[in-house]
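**Q** Have a peek at final_12.cif (mmCIF, N, CA and C atoms).
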data_final
#
loop_
_atom_site.group_PDB
_atom_site.id
_atom_site.type_symbol
_atom_site.label_atom_id
_atom_site.label_comp_id
_atom_site.auth_asym_id
_atom_site.auth_seq_id
_atom_site.Cartn_x
_atom_site.Cartn_y
_atom_site.Cartn_z
ATOM 1 N N MET A 1 0.847 -1.178 0.000
ATOM 2 C CA MET A 1 0.000 0.000 0.000
ATOM 3 C C MET A 1 0.892 1.240 0.000
ATOM 4 N N GLU A 2 0.499 2.232 -0.757
ATOM 5 C CA GLU A 2 1.265 3.481 -0.812
ATOM 6 C C GLU A 2 0.375 4.618 -0.324
ATOM 7 N N THR A 3 0.925 5.412 0.594
ATOM 8 C CA THR A 3 0.211 6.582 1.085
ATOM 9 C C THR A 3 1.092 7.800 0.879
ATOM 10 N N SER A 4 0.491 8.958 1.012
ATOM 11 C CA SER A 4 1.291 10.178 0.918
ATOM 12 C C SER A 4 0.927 11.100 2.072
ATOM 13 N N LEU A 5 1.890 11.930 2.426
ATOM 14 C CA LEU A 5 1.735 12.862 3.535
ATOM 15 C C LEU A 5 2.329 14.196 3.117
ATOM 16 N N ASP A 6 1.534 15.225 3.155
ATOM 17 C CA ASP A 6 2.009 16.575 2.832
ATOM 18 C C ASP A 6 2.253 17.311 4.141
ATOM 19 N N ALA A 7 3.537 17.448 4.505
ATOM 20 C CA ALA A 7 3.909 18.123 5.753
ATOM 21 C C ALA A 7 4.507 19.492 5.466
ATOM 22 N N ARG A 8 4.263 20.017 4.260
ATOM 23 C CA ARG A 8 4.789 21.345 3.944
ATOM 24 C C ARG A 8 4.118 22.389 4.832
ATOM 25 N N GLY A 9 4.905 23.363 5.265
ATOM 26 C CA GLY A 9 4.401 24.399 6.151
ATOM 27 C C GLY A 9 4.506 24.032 7.626
ATOM 28 N N LYS A 10 4.949 22.823 7.907
ATOM 29 C CA LYS A 10 5.097 22.375 9.298
ATOM 30 C C LYS A 10 6.583 22.317 9.622
ATOM 31 N N SER A 11 6.940 22.769 10.819
ATOM 32 C CA SER A 11 8.356 22.804 11.184
ATOM 33 C C SER A 11 8.689 21.678 12.154
ATOM 34 N N CYS A 12 9.972 21.417 12.271
ATOM 35 C CA CYS A 12 10.523 20.378 13.121
ATOM 36 C C CYS A 12 9.973 20.522 14.540
ATOM 37 N N PRO A 13 9.547 19.454 15.159
ATOM 38 C CA PRO A 13 9.626 18.048 14.761
ATOM 39 C C PRO A 13 8.339 17.520 14.120
ATOM 40 N N LEU A 14 7.404 18.386 13.776
ATOM 41 C CA LEU A 14 6.083 17.924 13.340
ATOM 42 C C LEU A 14 6.099 16.991 12.133
ATOM 43 N N PRO A 15 6.898 17.227 11.089
ATOM 44 C CA PRO A 15 6.871 16.258 9.982
ATOM 45 C C PRO A 15 7.207 14.832 10.430
ATOM 46 N N ILE A 16 8.200 14.677 11.301
ATOM 47 C CA ILE A 16 8.585 13.348 11.778
ATOM 48 C C ILE A 16 7.494 12.761 12.670
ATOM 49 N N VAL A 17 6.877 13.586 13.493
ATOM 50 C CA VAL A 17 5.776 13.122 14.347
ATOM 51 C C VAL A 17 4.638 12.598 13.476
ATOM 52 N N LEU A 18 4.317 13.306 12.405
ATOM 53 C CA LEU A 18 3.235 12.882 11.514
ATOM 54 C C LEU A 18 3.586 11.586 10.776
ATOM 55 N N ILE A 19 4.839 11.458 10.354
ATOM 56 C CA ILE A 19 5.277 10.227 9.698
ATOM 57 C C ILE A 19 5.147 9.056 10.669
ATOM 58 N N ALA A 20 5.653 9.225 11.876
ATOM 59 C CA ALA A 20 5.611 8.151 12.870
ATOM 60 C C ALA A 20 4.176 7.725 13.159
ATOM 61 N N LYS A 21 3.292 8.693 13.299
ATOM 62 C CA LYS A 21 1.889 8.399 13.593
ATOM 63 C C LYS A 21 1.248 7.627 12.441
ATOM 64 N N ALA A 22 1.520 8.053 11.209
ATOM 65 C CA ALA A 22 0.912 7.384 10.054
ATOM 66 C C ALA A 22 1.458 5.975 9.865
ATOM 67 N N LEU A 23 2.766 5.806 10.050
ATOM 68 C CA LEU A 23 3.356 4.481 9.833
ATOM 69 C C LEU A 23 3.054 3.513 10.968
ATOM 70 N N ARG A 24 2.700 4.032 12.126
ATOM 71 C CA ARG A 24 2.372 3.160 13.260
ATOM 72 C C ARG A 24 1.212 2.231 12.907
ATOM 73 N N VAL A 25 0.258 2.718 12.117
ATOM 74 C CA VAL A 25 -0.922 1.914 11.779
ATOM 75 C C VAL A 25 -0.801 1.250 10.409
ATOM 76 N N ALA A 26 0.316 1.480 9.715
ATOM 77 C CA ALA A 26 0.519 0.896 8.387
ATOM 78 C C ALA A 26 1.056 -0.521 8.508
ATOM 79 N N ASP A 27 0.810 -1.308 7.483
ATOM 80 C CA ASP A 27 1.332 -2.675 7.432
ATOM 81 C C ASP A 27 2.822 -2.650 7.129
ATOM 82 N N SER A 28 3.518 -3.692 7.537
ATOM 83 C CA SER A 28 4.926 -3.840 7.213
ATOM 84 C C SER A 28 5.077 -3.875 5.695
ATOM 85 N N GLY A 29 6.066 -3.146 5.181
ATOM 86 C CA GLY A 29 6.279 -3.067 3.743
ATOM 87 C C GLY A 29 5.549 -1.918 3.073
ATOM 88 N N ALA A 30 4.675 -1.251 3.802
ATOM 89 C CA ALA A 30 3.933 -0.121 3.232
ATOM 90 C C ALA A 30 4.896 1.003 2.873
ATOM 91 N N ARG A 31 4.592 1.707 1.793
ATOM 92 C CA ARG A 31 5.415 2.829 1.343
ATOM 93 C C ARG A 31 4.660 4.134 1.567
ATOM 94 N N MET A 32 5.406 5.152 1.966
ATOM 95 C CA MET A 32 4.824 6.475 2.169
ATOM 96 C C MET A 32 5.699 7.516 1.483
ATOM 97 N N THR A 33 5.062 8.393 0.725
ATOM 98 C CA THR A 33 5.743 9.527 0.114
ATOM 99 C C THR A 33 5.421 10.751 0.958
ATOM 100 N N VAL A 34 6.456 11.473 1.354
ATOM 101 C CA VAL A 34 6.295 12.625 2.245
ATOM 102 C C VAL A 34 6.879 13.863 1.577
ATOM 103 N N GLN A 35 6.106 14.943 1.555
ATOM 104 C CA GLN A 35 6.609 16.242 1.111
ATOM 105 C C GLN A 35 6.749 17.130 2.337
ATOM 106 N N ALA A 36 7.903 17.787 2.452
ATOM 107 C CA ALA A 36 8.156 18.690 3.574
ATOM 108 C C ALA A 36 9.074 19.807 3.108
ATOM 109 N N ASP A 37 8.871 20.989 3.678
ATOM 110 C CA ASP A 37 9.720 22.126 3.293
ATOM 111 C C ASP A 37 10.549 22.670 4.455
ATOM 112 N N ASP A 38 10.543 21.970 5.578
ATOM 113 C CA ASP A 38 11.374 22.375 6.710
ATOM 114 C C ASP A 38 12.839 22.082 6.382
ATOM 115 N N ARG A 39 13.717 23.049 6.596
ATOM 116 C CA ARG A 39 15.134 22.878 6.236
ATOM 117 C C ARG A 39 15.789 21.714 6.968
ATOM 118 N N ALA A 40 15.289 21.369 8.147
ATOM 119 C CA ALA A 40 15.870 20.278 8.932
ATOM 120 C C ALA A 40 15.367 18.901 8.490
ATOM 121 N N PHE A 41 14.390 18.861 7.601
ATOM 122 C CA PHE A 41 13.753 17.593 7.245
ATOM 123 C C PHE A 41 14.708 16.529 6.712
ATOM 124 N N PRO A 42 15.619 16.843 5.778
ATOM 125 C CA PRO A 42 16.471 15.769 5.253
ATOM 126 C C PRO A 42 17.252 15.022 6.340
ATOM 127 N N GLU A 43 17.911 15.746 7.214
ATOM 128 C CA GLU A 43 18.675 15.079 8.269
ATOM 129 C C GLU A 43 17.746 14.417 9.278
ATOM 130 N N ASP A 44 16.619 15.057 9.580
ATOM 131 C CA ASP A 44 15.663 14.469 10.532
ATOM 132 C C ASP A 44 15.123 13.133 10.024
ATOM 133 N N VAL A 45 14.736 13.080 8.753
ATOM 134 C CA VAL A 45 14.137 11.847 8.230
ATOM 135 C C VAL A 45 15.192 10.747 8.110
ATOM 136 N N ARG A 46 16.426 11.114 7.762
ATOM 137 C CA ARG A 46 17.504 10.112 7.720
ATOM 138 C C ARG A 46 17.729 9.521 9.120
ATOM 139 N N ALA A 47 17.838 10.399 10.115
ATOM 140 C CA ALA A 47 18.082 9.952 11.490
ATOM 141 C C ALA A 47 16.916 9.112 12.006
ATOM 142 N N TRP A 48 15.693 9.531 11.717
ATOM 143 C CA TRP A 48 14.522 8.795 12.185
ATOM 144 C C TRP A 48 14.482 7.398 11.573
ATOM 145 N N CYS A 49 14.776 7.291 10.286
ATOM 146 C CA CYS A 49 14.783 5.973 9.644
ATOM 147 C C CYS A 49 15.864 5.080 10.234
ATOM 148 N N ARG A 50 17.059 5.624 10.472
ATOM 149 C CA ARG A 50 18.130 4.839 11.110
ATOM 150 C C ARG A 50 17.689 4.347 12.483
ATOM 151 N N LYS A 51 17.085 5.245 13.243
ATOM 152 C CA LYS A 51 16.701 4.931 14.619
ATOM 153 C C LYS A 51 15.571 3.899 14.686
ATOM 154 N N THR A 52 14.627 3.982 13.751
ATOM 155 C CA THR A 52 13.442 3.121 13.821
ATOM 156 C C THR A 52 13.557 1.865 12.969
ATOM 157 N N GLY A 53 14.581 1.801 12.100
ATOM 158 C CA GLY A 53 14.734 0.636 11.245
ATOM 159 C C GLY A 53 13.888 0.680 9.982
ATOM 160 N N ASN A 54 13.163 1.773 9.761
ATOM 161 C CA ASN A 54 12.419 1.927 8.521
ATOM 162 C C ASN A 54 13.402 2.318 7.416
ATOM 163 N N GLU A 55 13.034 2.043 6.167
ATOM 164 C CA GLU A 55 13.958 2.233 5.053
ATOM 165 C C GLU A 55 13.637 3.513 4.287
ATOM 166 N N LEU A 56 14.649 4.374 4.171
ATOM 167 C CA LEU A 56 14.514 5.592 3.361
ATOM 168 C C LEU A 56 14.875 5.203 1.933
ATOM 169 N N LEU A 57 13.871 5.060 1.081
ATOM 170 C CA LEU A 57 14.090 4.608 -0.293
ATOM 171 C C LEU A 57 14.648 5.720 -1.167
ATOM 172 N N SER A 58 14.178 6.946 -0.946
ATOM 173 C CA SER A 58 14.695 8.083 -1.715
ATOM 174 C C SER A 58 14.440 9.373 -0.949
ATOM 175 N N LEU A 59 15.261 10.362 -1.253
ATOM 176 C CA LEU A 59 15.106 11.702 -0.690
ATOM 177 C C LEU A 59 15.533 12.681 -1.777
ATOM 178 N N ASP A 60 14.565 13.399 -2.312
ATOM 179 C CA ASP A 60 14.827 14.309 -3.427
ATOM 180 C C ASP A 60 14.565 15.750 -3.030
ATOM 181 N N ASN A 61 15.372 16.632 -3.590
ATOM 182 C CA ASN A 61 15.194 18.062 -3.396
ATOM 183 C C ASN A 61 14.393 18.587 -4.583
ATOM 184 N N LYS A 62 13.111 18.854 -4.360
ATOM 185 C CA LYS A 62 12.219 19.371 -5.394
ATOM 186 C C LYS A 62 12.205 20.899 -5.294
ATOM 187 N N PRO A 63 11.666 21.582 -6.293
ATOM 188 C CA PRO A 63 11.590 23.049 -6.208
ATOM 189 C C PRO A 63 10.714 23.496 -5.020
ATOM 190 N N GLY A 64 11.361 24.002 -3.978
ATOM 191 C CA GLY A 64 10.629 24.538 -2.826
ATOM 192 C C GLY A 64 10.323 23.548 -1.720
ATOM 193 N N TYR A 65 10.653 22.277 -1.905
ATOM 194 C CA TYR A 65 10.379 21.289 -0.851
ATOM 195 C C TYR A 65 11.221 20.037 -1.075
ATOM 196 N N TYR A 66 11.193 19.156 -0.075
ATOM 197 C CA TYR A 66 11.861 17.862 -0.155
ATOM 198 C C TYR A 66 10.792 16.786 -0.289
ATOM 199 N N GLU A 67 11.147 15.694 -0.948
ATOM 200 C CA GLU A 67 10.225 14.567 -1.058
ATOM 201 C C GLU A 67 10.973 13.292 -0.687
ATOM 202 N N ALA A 68 10.459 12.602 0.314
ATOM 203 C CA ALA A 68 11.062 11.361 0.781
ATOM 204 C C ALA A 68 10.088 10.211 0.551
ATOM 205 N N VAL A 69 10.645 9.048 0.223
ATOM 206 C CA VAL A 69 9.854 7.832 0.131
ATOM 207 C C VAL A 69 10.416 6.873 1.168
ATOM 208 N N ILE A 70 9.535 6.410 2.051
ATOM 209 C CA ILE A 70 9.908 5.564 3.182
ATOM 210 C C ILE A 70 9.143 4.247 3.095
ATOM 211 N N ARG A 71 9.834 3.143 3.390
ATOM 212 C CA ARG A 71 9.159 1.840 3.476
ATOM 213 C C ARG A 71 9.190 1.390 4.924
ATOM 214 N N LYS A 72 8.019 1.026 5.443
ATOM 215 C CA LYS A 72 7.940 0.556 6.831
ATOM 216 C C LYS A 72 8.574 -0.827 6.922
ATOM 217 N N SER A 73 9.447 -0.990 7.902
ATOM 218 C CA SER A 73 10.118 -2.288 8.066
ATOM 219 C C SER A 73 9.221 -3.271 8.800
#
Mind turning the file's structure into structure tokens?
**A**
Amino acid sequence: METSLDARGKSCPLPIVLIAKALRVADSGARMTVQADDRAFPEDVRAWCRKTGNELLSLDNKPGYYEAVIRKS
């Protein structure tokens, strides 16, 4: 299952809190695409994935925001 989360306009730590909340109820292997424009988001999402064991499949710098794809472990 693939879901998306638009966290643009939200500042640290809210994008990570929203990701954690959404993935808590997702099935193992579920993919989530997240858009965020907080400058701290790239390092925050990398650290969160390392800490939780979820897989950061991609992290792209789009015009005006970042887009991450995460797979729940």
**Q** Evaluated on this file, the PyMOL selection byres (((chain A and resi 7-19 and name CA) around 7) and name CA) picks out some residues - which ones are they, written as a ChimeraX atom specification?
**A** /A:5-6,20-23,34-38,40,45
**Q** By how many Å are atom C of Gly53 in chain A and atom N of Ser73 in chain A apart?
**A** 5.2 Å
**Q** Using Å and a single decimal, report how far atom N of Ala30 in chain A sits from CA of Arg71 in chain A.
**A**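 Distance reported for this atom pair: 5.5 Å.
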**Q** In Å, with one decimal, what is the gap from CA of Arg46 in chain A to CA of Gly29 in chain A?
**A** 17.8 Å
**Q** Draw an axis-aligned box over all listed atoms of range 7-26 of chain A, pad each side with 3 Å, and write its centre and edge lengths in Å, one decimal, as AutoDock Vina command-line options.
**A**
--center_x 4.8 --center_y 11.9 --center_z 9.6 --size_x 17.4 --size_y 30.9 --size_z 17.2
**Q** Hey, what's within 7 Å of range 64-70 of chain A if we count only C-alpha atoms and toss same-chain stuff fewer than 4 positions away? As number ranges by chain, please?
**A** A: 31-37, 54-60
**Q** Run DSSP on the backbone of this structure and report the residues of chain A it assigns to helix (DSSP H, G or I), as a list of chain:residue names.
**A**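 Selection result, helix (DSSP H, G or I) within chain A: A:Leu14, A:Pro15, A:Ile16, A:Val17, A:Leu18, A:Ile19, A:Ala20, A:Lys21, A:Ala22, A:Leu23, A:Arg24, A:Phe41, A:Pro42, A:Glu43, A:Asp44, A:Val45, A:Arg46, A:Ala47, A:Trp48, A:Cys49, A:Arg50, A:Lys51, A:Thr52.
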**Q** Please identify which residues in chain A DSSP calls strand (DSSP E or B) from the backbone, and express them as a ChimeraX atom specification.
**A** /A:2-6,31-36,55-62,65-71
**Q** Restricting the calculation to only C-alpha atoms, which member of A:Val25, A:Thr3, A:Asn61, A:Lys72 is positioned closest to Phe41 in chain A?
**A** A:Asn61
